[in-house]
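The next block holds one structure in the form of structure tokens; read it before the comments.
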Amino acid sequence: MTGRLLIAVCTNRIPAEAAEALSALVGQAPEGTLALVTSGLDAAAVKAHRAAFAGVVLEEPRGGSRMPATARSTGAREDDVLAFVDDDAVAGAGWYEALERRWREAPLDMACIGGPIRPRWPAGGPPGWISDPILPALTLLDLGPEPLDLDPAVTTVYGANISFRVGPLRRIGGFDPAFGHSGRRVFFSEEDEAQRALARIGLGVRYVPDAPVEHVIPQDRLTRGSFLRRRFAYGTTLGVRRARPRTLAARQALSSGGGALAAAGRQKLFMERAVRAAENLGVLYGSTRPRRIA
């Protein structure tokens, strides 16, 4: 990296709910490199953010990719890196320095770098029915203590803690607005799709272990219904982009659904199978009506 590391904190919530994520970065980021990007908020809510945050506040265009708007408004150059952090992700001490160092060490064909996303559980910790296989429903990621170059057709880094070289991201058109959260819509895979598009033009994706964030997990995300809804939504994105054959999804939905019934009384196993069934039902739904959904 020969340019700057710019940061966008993305929010669709009120200022108080984004305050900790911003505060964690204000002390790390050099002046002029941090912006808040709002999505799906009305004029009054955006005005409240501008009153609460002394830095740059941008509005994501409705129906468009947030990357071009953010890059233009921050004056990003081709050799800059643009990092995205969710409003409920709190960067650890030294996050900016570690990520900047990793980019300066990266080869020129490295287009995307992401880091760990670790849980900050509410008081009392996670419910007893949560197990490792269903943690991706909480946008958690830890691929180990060493850097890894990834094949995004198999494994991706997640959008709560991700960064892209601006030039290559512009070449692929930024993020596809058909995917990802928009306003209050829960949808997934915009950053995944960008990583796959970068790989298709011969560029790399890397996981680094030393630029972590903590994902603040509210109590209302720790319900069985929340897990099932979010995994159904994730499956819907798989169906929209035809990433899993409908016949396979149907078999897995039936198998996992039946397995969940058979596992009644064994909380962790029941939820693992129920979450898999919900994901595959989402695939069937998304592959049946992709245009209307997207």
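Quick note on naming: the chains in the structure tokens go A, B, ... in the order shown, residues restart at 1 in each chain, and ligands are numbered from 1 in order of appearance.
Within region 235-267 of chain A, DSSP applied to the backbone places the following residues in helix (DSSP H, G or I): Gly235, Thr236, Thr237, Leu238, Gly239, Val240, Arg246, Thr247, Leu248, Ala249, Ala250, Arg251, Gln252, Ala253, Leu254, Ser255, Ser256, Gly257, Gly258, Gly259, Ala260, Leu261, Ala262 and Gln267 of chain A.
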ask   = Residues at most 9 Å from Arg273 (chain A), counting only C-alpha atoms, excluding those fewer than 3 positions away in the same chain, as a list in words?
value =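 Everything that qualifies: Ser255, Ser256, Gly257, Gly258, Gly259, Ala260, Leu261, Ala263, Lys268, Leu269, Phe270, Arg276, Ala277 and Ala278 of chain A.
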I need the chosen residues saved as an mmCIF file, in the first residue's frame, with N, CA and C atoms.
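Generated output (again_39.cif):
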data_model
loop_
_atom_site.group_PDB
_atom_site.id
_atom_site.type_symbol
_atom_site.label_atom_id
_atom_site.label_comp_id
_atom_site.auth_asym_id
_atom_site.auth_seq_id
_atom_site.Cartn_x
_atom_site.Cartn_y
_atom_site.Cartn_z
ATOM 1 N N SER A 255 -33.396 -33.419 5.304
ATOM 2 C CA SER A 255 -32.541 -34.182 6.205
ATOM 3 C C SER A 255 -32.335 -33.453 7.533
ATOM 4 N N SER A 256 -32.003 -32.145 7.450
ATOM 5 C CA SER A 256 -31.742 -31.381 8.667
ATOM 6 C C SER A 256 -33.012 -31.156 9.469
ATOM 7 N N GLY A 257 -34.142 -30.911 8.762
ATOM 8 C CA GLY A 257 -35.408 -30.740 9.475
ATOM 9 C C GLY A 257 -35.795 -31.993 10.220
ATOM 10 N N GLY A 258 -35.680 -33.142 9.553
ATOM 11 C CA GLY A 258 -35.971 -34.400 10.234
ATOM 12 C C GLY A 258 -35.002 -34.668 11.370
ATOM 13 N N GLY A 259 -33.722 -34.312 11.139
ATOM 14 C CA GLY A 259 -32.725 -34.491 12.191
ATOM 15 C C GLY A 259 -32.996 -33.618 13.400
ATOM 16 N N ALA A 260 -33.514 -32.404 13.160
ATOM 17 C CA ALA A 260 -33.844 -31.522 14.284
ATOM 18 C C ALA A 260 -34.947 -32.141 15.134
ATOM 19 N N LEU A 261 -35.961 -32.707 14.471
ATOM 20 C CA LEU A 261 -37.034 -33.350 15.235
ATOM 21 C C LEU A 261 -36.499 -34.527 16.036
ATOM 22 N N ALA A 263 -33.589 -34.793 17.220
ATOM 23 C CA ALA A 263 -32.685 -34.320 18.272
ATOM 24 C C ALA A 263 -33.399 -33.531 19.346
ATOM 25 N N LYS A 268 -28.198 -28.261 21.753
ATOM 26 C CA LYS A 268 -27.198 -27.822 20.772
ATOM 27 C C LYS A 268 -27.392 -28.523 19.441
ATOM 28 N N LEU A 269 -27.561 -29.832 19.474
ATOM 29 C CA LEU A 269 -27.731 -30.576 18.234
ATOM 30 C C LEU A 269 -29.015 -30.174 17.524
ATOM 31 N N PHE A 270 -30.088 -29.962 18.292
ATOM 32 C CA PHE A 270 -31.345 -29.512 17.703
ATOM 33 C C PHE A 270 -31.149 -28.209 16.945
ATOM 34 N N ARG A 276 -29.381 -25.317 9.975
ATOM 35 C CA ARG A 276 -29.067 -25.812 8.630
ATOM 36 C C ARG A 276 -30.336 -25.932 7.777
ATOM 37 N N ALA A 277 -31.416 -26.409 8.401
ATOM 38 C CA ALA A 277 -32.679 -26.521 7.661
ATOM 39 C C ALA A 277 -33.169 -25.144 7.227
ATOM 40 N N ALA A 278 -33.086 -24.146 8.119
ATOM 41 C CA ALA A 278 -33.528 -22.787 7.779
ATOM 42 C C ALA A 278 -32.710 -22.216 6.625
#
ask   = Counting only C-alpha atoms, what is within 6 Å of region 239-242 of chain A, bar same-chain residues fewer than 3 positions away, as a VMD selection string?
value = chain A and resid 236 283 286 to 287 290
Write a file of the selected residues as a PDB file, in the first residue's frame, keeping all heavy atoms.
ATOM      1  N   THR A 236     -31.217 -17.317   1.570  1.00  0.00           N
ATOM      2  CA  THR A 236     -31.893 -16.635   0.464  1.00  0.00           C
ATOM      3  C   THR A 236     -30.877 -16.012  -0.489  1.00  0.00           C
ATOM      4  O   THR A 236     -31.017 -16.083  -1.712  1.00  0.00           O
ATOM      5  CB  THR A 236     -32.849 -15.559   1.008  1.00  0.00           C
ATOM      6  OG1 THR A 236     -33.841 -16.189   1.823  1.00  0.00           O
ATOM      7  CG2 THR A 236     -33.539 -14.821  -0.129  1.00  0.00           C
ATOM      8  N   VAL A 283     -32.418 -21.011   0.696  1.00  0.00           N
ATOM      9  CA  VAL A 283     -31.888 -21.247  -0.646  1.00  0.00           C
ATOM     10  C   VAL A 283     -33.030 -21.534  -1.616  1.00  0.00           C
ATOM     11  O   VAL A 283     -33.090 -20.985  -2.722  1.00  0.00           O
ATOM     12  CB  VAL A 283     -30.891 -22.423  -0.642  1.00  0.00           C
ATOM     13  CG1 VAL A 283     -30.505 -22.799  -2.071  1.00  0.00           C
ATOM     14  CG2 VAL A 283     -29.647 -22.072   0.160  1.00  0.00           C
ATOM     15  N   GLY A 286     -34.938 -18.260  -2.230  1.00  0.00           N
ATOM     16  CA  GLY A 286     -34.183 -17.314  -3.039  1.00  0.00           C
ATOM     17  C   GLY A 286     -34.024 -17.743  -4.476  1.00  0.00           C
ATOM     18  O   GLY A 286     -34.041 -16.916  -5.389  1.00  0.00           O
ATOM     19  N   SER A 287     -33.890 -19.034  -4.727  1.00  0.00           N
ATOM     20  CA  SER A 287     -33.694 -19.507  -6.098  1.00  0.00           C
ATOM     21  C   SER A 287     -34.998 -19.551  -6.881  1.00  0.00           C
ATOM     22  O   SER A 287     -34.997 -19.596  -8.109  1.00  0.00           O
ATOM     23  CB  SER A 287     -33.060 -20.908  -6.088  1.00  0.00           C
ATOM     24  OG  SER A 287     -33.897 -21.825  -5.430  1.00  0.00           O
ATOM     25  N   PRO A 290     -35.746 -14.963  -7.421  1.00  0.00           N
ATOM     26  CA  PRO A 290     -34.585 -14.082  -7.186  1.00  0.00           C
ATOM     27  C   PRO A 290     -34.796 -12.639  -7.562  1.00  0.00           C
ATOM     28  O   PRO A 290     -34.325 -11.742  -6.885  1.00  0.00           O
ATOM     29  CB  PRO A 290     -33.484 -14.736  -8.047  1.00  0.00           C
ATOM     30  CG  PRO A 290     -34.219 -15.525  -9.073  1.00  0.00           C
ATOM     31  CD  PRO A 290     -35.475 -16.000  -8.410  1.00  0.00           C
TER      32      PRO A 290
END
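Using only C-alpha atoms, the shortest contact distance between Ala253 (chain A) and any of A:Ala233, A:Val275, A:Leu5, A:Val216 is found at A:Val275.
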inquiry  = I'd like to know which of A:Ala160, A:Leu228, A:Cys10, A:Ala45 is closest to Asp192 (chain A), using only C-alpha atoms.
reply    =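 The shortest atom-to-atom distance to Asp192 (chain A) comes from A:Ala160.
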Counting only C-alpha atoms, which residues in region 66-137 of chain A sit no more than 12 Å from region 143-148 of chain A? For each one, give the nearest pair of atoms and the distance in Å, sorted by chain then residue number, as CSV.
residue,atom,partner,partner_atom,distance
A:Leu99,CA,A:Pro147,CA,11.9
A:Arg102,CA,A:Pro147,CA,9.6
A:Glu105,CA,A:Pro147,CA,11.8
A:Ala106,CA,A:Pro147,CA,11.1
A:Met110,CA,A:Leu148,CA,11.9
A:Cys112,CA,A:Leu148,CA,11.9
A:Ile113,CA,A:Leu148,CA,9.8
A:Gly114,CA,A:Pro147,CA,10.0
A:Gly115,CA,A:Leu143,CA,8.8
A:Pro116,CA,A:Leu143,CA,7.3
A:Ile117,CA,A:Leu143,CA,9.8
A:Arg118,CA,A:Leu143,CA,10.9
task = Might you pull out every residue within 10 Å of Ala137 (chain A), with only C-alpha atoms counted and same-chain residues fewer than 5 positions away left off, and present them as a list in words?
result = Arg221, Ser226, Phe227, Leu228, Arg229, Arg230, Arg231, Phe232, Tyr234 and Val275 of chain A
Write a file of the selected residues as a JSON list (two decimals), in the first residue's frame, keeping N, CA, C and O atoms.
[["chain", "number", "residue", "atom", "x", "y", "z"],
["A", 221, "ARG", "N", -30.44, -10.75, 19.91],
["A", 221, "ARG", "CA", -29.86, -11.60, 18.87],
["A", 221, "ARG", "C", -29.67, -13.04, 19.36],
["A", 221, "ARG", "O", -29.37, -13.93, 18.57],
["A", 226, "SER", "N", -34.15, -15.57, 16.20],
["A", 226, "SER", "CA", -33.21, -14.70, 15.52],
["A", 226, "SER", "C", -32.21, -15.51, 14.70],
["A", 226, "SER", "O", -31.91, -15.17, 13.54],
["A", 227, "PHE", "N", -31.69, -16.57, 15.27],
["A", 227, "PHE", "CA", -30.76, -17.43, 14.53],
["A", 227, "PHE", "C", -31.41, -18.00, 13.28],
["A", 227, "PHE", "O", -30.82, -18.00, 12.20],
["A", 228, "LEU", "N", -32.63, -18.49, 13.42],
["A", 228, "LEU", "CA", -33.31, -19.11, 12.28],
["A", 228, "LEU", "C", -33.62, -18.07, 11.20],
["A", 228, "LEU", "O", -33.44, -18.33, 10.01],
["A", 229, "ARG", "N", -34.08, -16.88, 11.60],
["A", 229, "ARG", "CA", -34.40, -15.84, 10.62],
["A", 229, "ARG", "C", -33.16, -15.40, 9.86],
["A", 229, "ARG", "O", -33.19, -15.24, 8.63],
["A", 230, "ARG", "N", -32.07, -15.19, 10.58],
["A", 230, "ARG", "CA", -30.85, -14.70, 9.93],
["A", 230, "ARG", "C", -30.26, -15.77, 9.01],
["A", 230, "ARG", "O", -29.75, -15.45, 7.94],
["A", 231, "ARG", "N", -30.35, -17.03, 9.42],
["A", 231, "ARG", "CA", -29.79, -18.06, 8.54],
["A", 231, "ARG", "C", -30.69, -18.29, 7.33],
["A", 231, "ARG", "O", -30.20, -18.62, 6.25],
["A", 232, "PHE", "N", -31.99, -18.11, 7.50],
["A", 232, "PHE", "CA", -32.89, -18.17, 6.34],
["A", 232, "PHE", "C", -32.53, -17.04, 5.36],
["A", 232, "PHE", "O", -32.46, -17.26, 4.14],
["A", 234, "TYR", "N", -29.64, -15.58, 5.03],
["A", 234, "TYR", "CA", -28.36, -15.91, 4.38],
["A", 234, "TYR", "C", -28.58, -16.94, 3.28],
["A", 234, "TYR", "O", -28.04, -16.81, 2.18],
["A", 275, "VAL", "N", -30.90, -24.77, 12.26],
["A", 275, "VAL", "CA", -30.27, -23.66, 11.54],
["A", 275, "VAL", "C", -29.90, -24.10, 10.12],
["A", 275, "VAL", "O", -30.09, -23.34, 9.16]]
request  = Run DSSP on the backbone of this structure and report the residues of region 90-284 of chain A it assigns to strand (DSSP E), as a list of chain:residue names.
outcome  =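 Secondary structure check on region 90-284 of chain A, strand (DSSP E): A:Val90, A:Ala91, A:Met110, A:Ala111, A:Cys112, A:Ile113, A:Gly114, A:Ile117, A:Arg118, A:Pro119, A:Arg120, A:Leu148, A:Asp149, A:Leu150, A:Asn161, A:Ile162, A:Ser163, A:Phe164, A:Arg165, A:Gly204, A:Val205, A:Arg206, A:Tyr207, A:Val213, A:Glu214, A:His215, A:Val216.
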request  = Pick out the residues sitting within 6 Å of Val9 (chain A), and hand them over as a PyMOL selection string; count only C-alpha atoms, and ignore anything fewer than 5 positions along from it in its own chain.
outcome  = chain A and resi 36-37+84-87
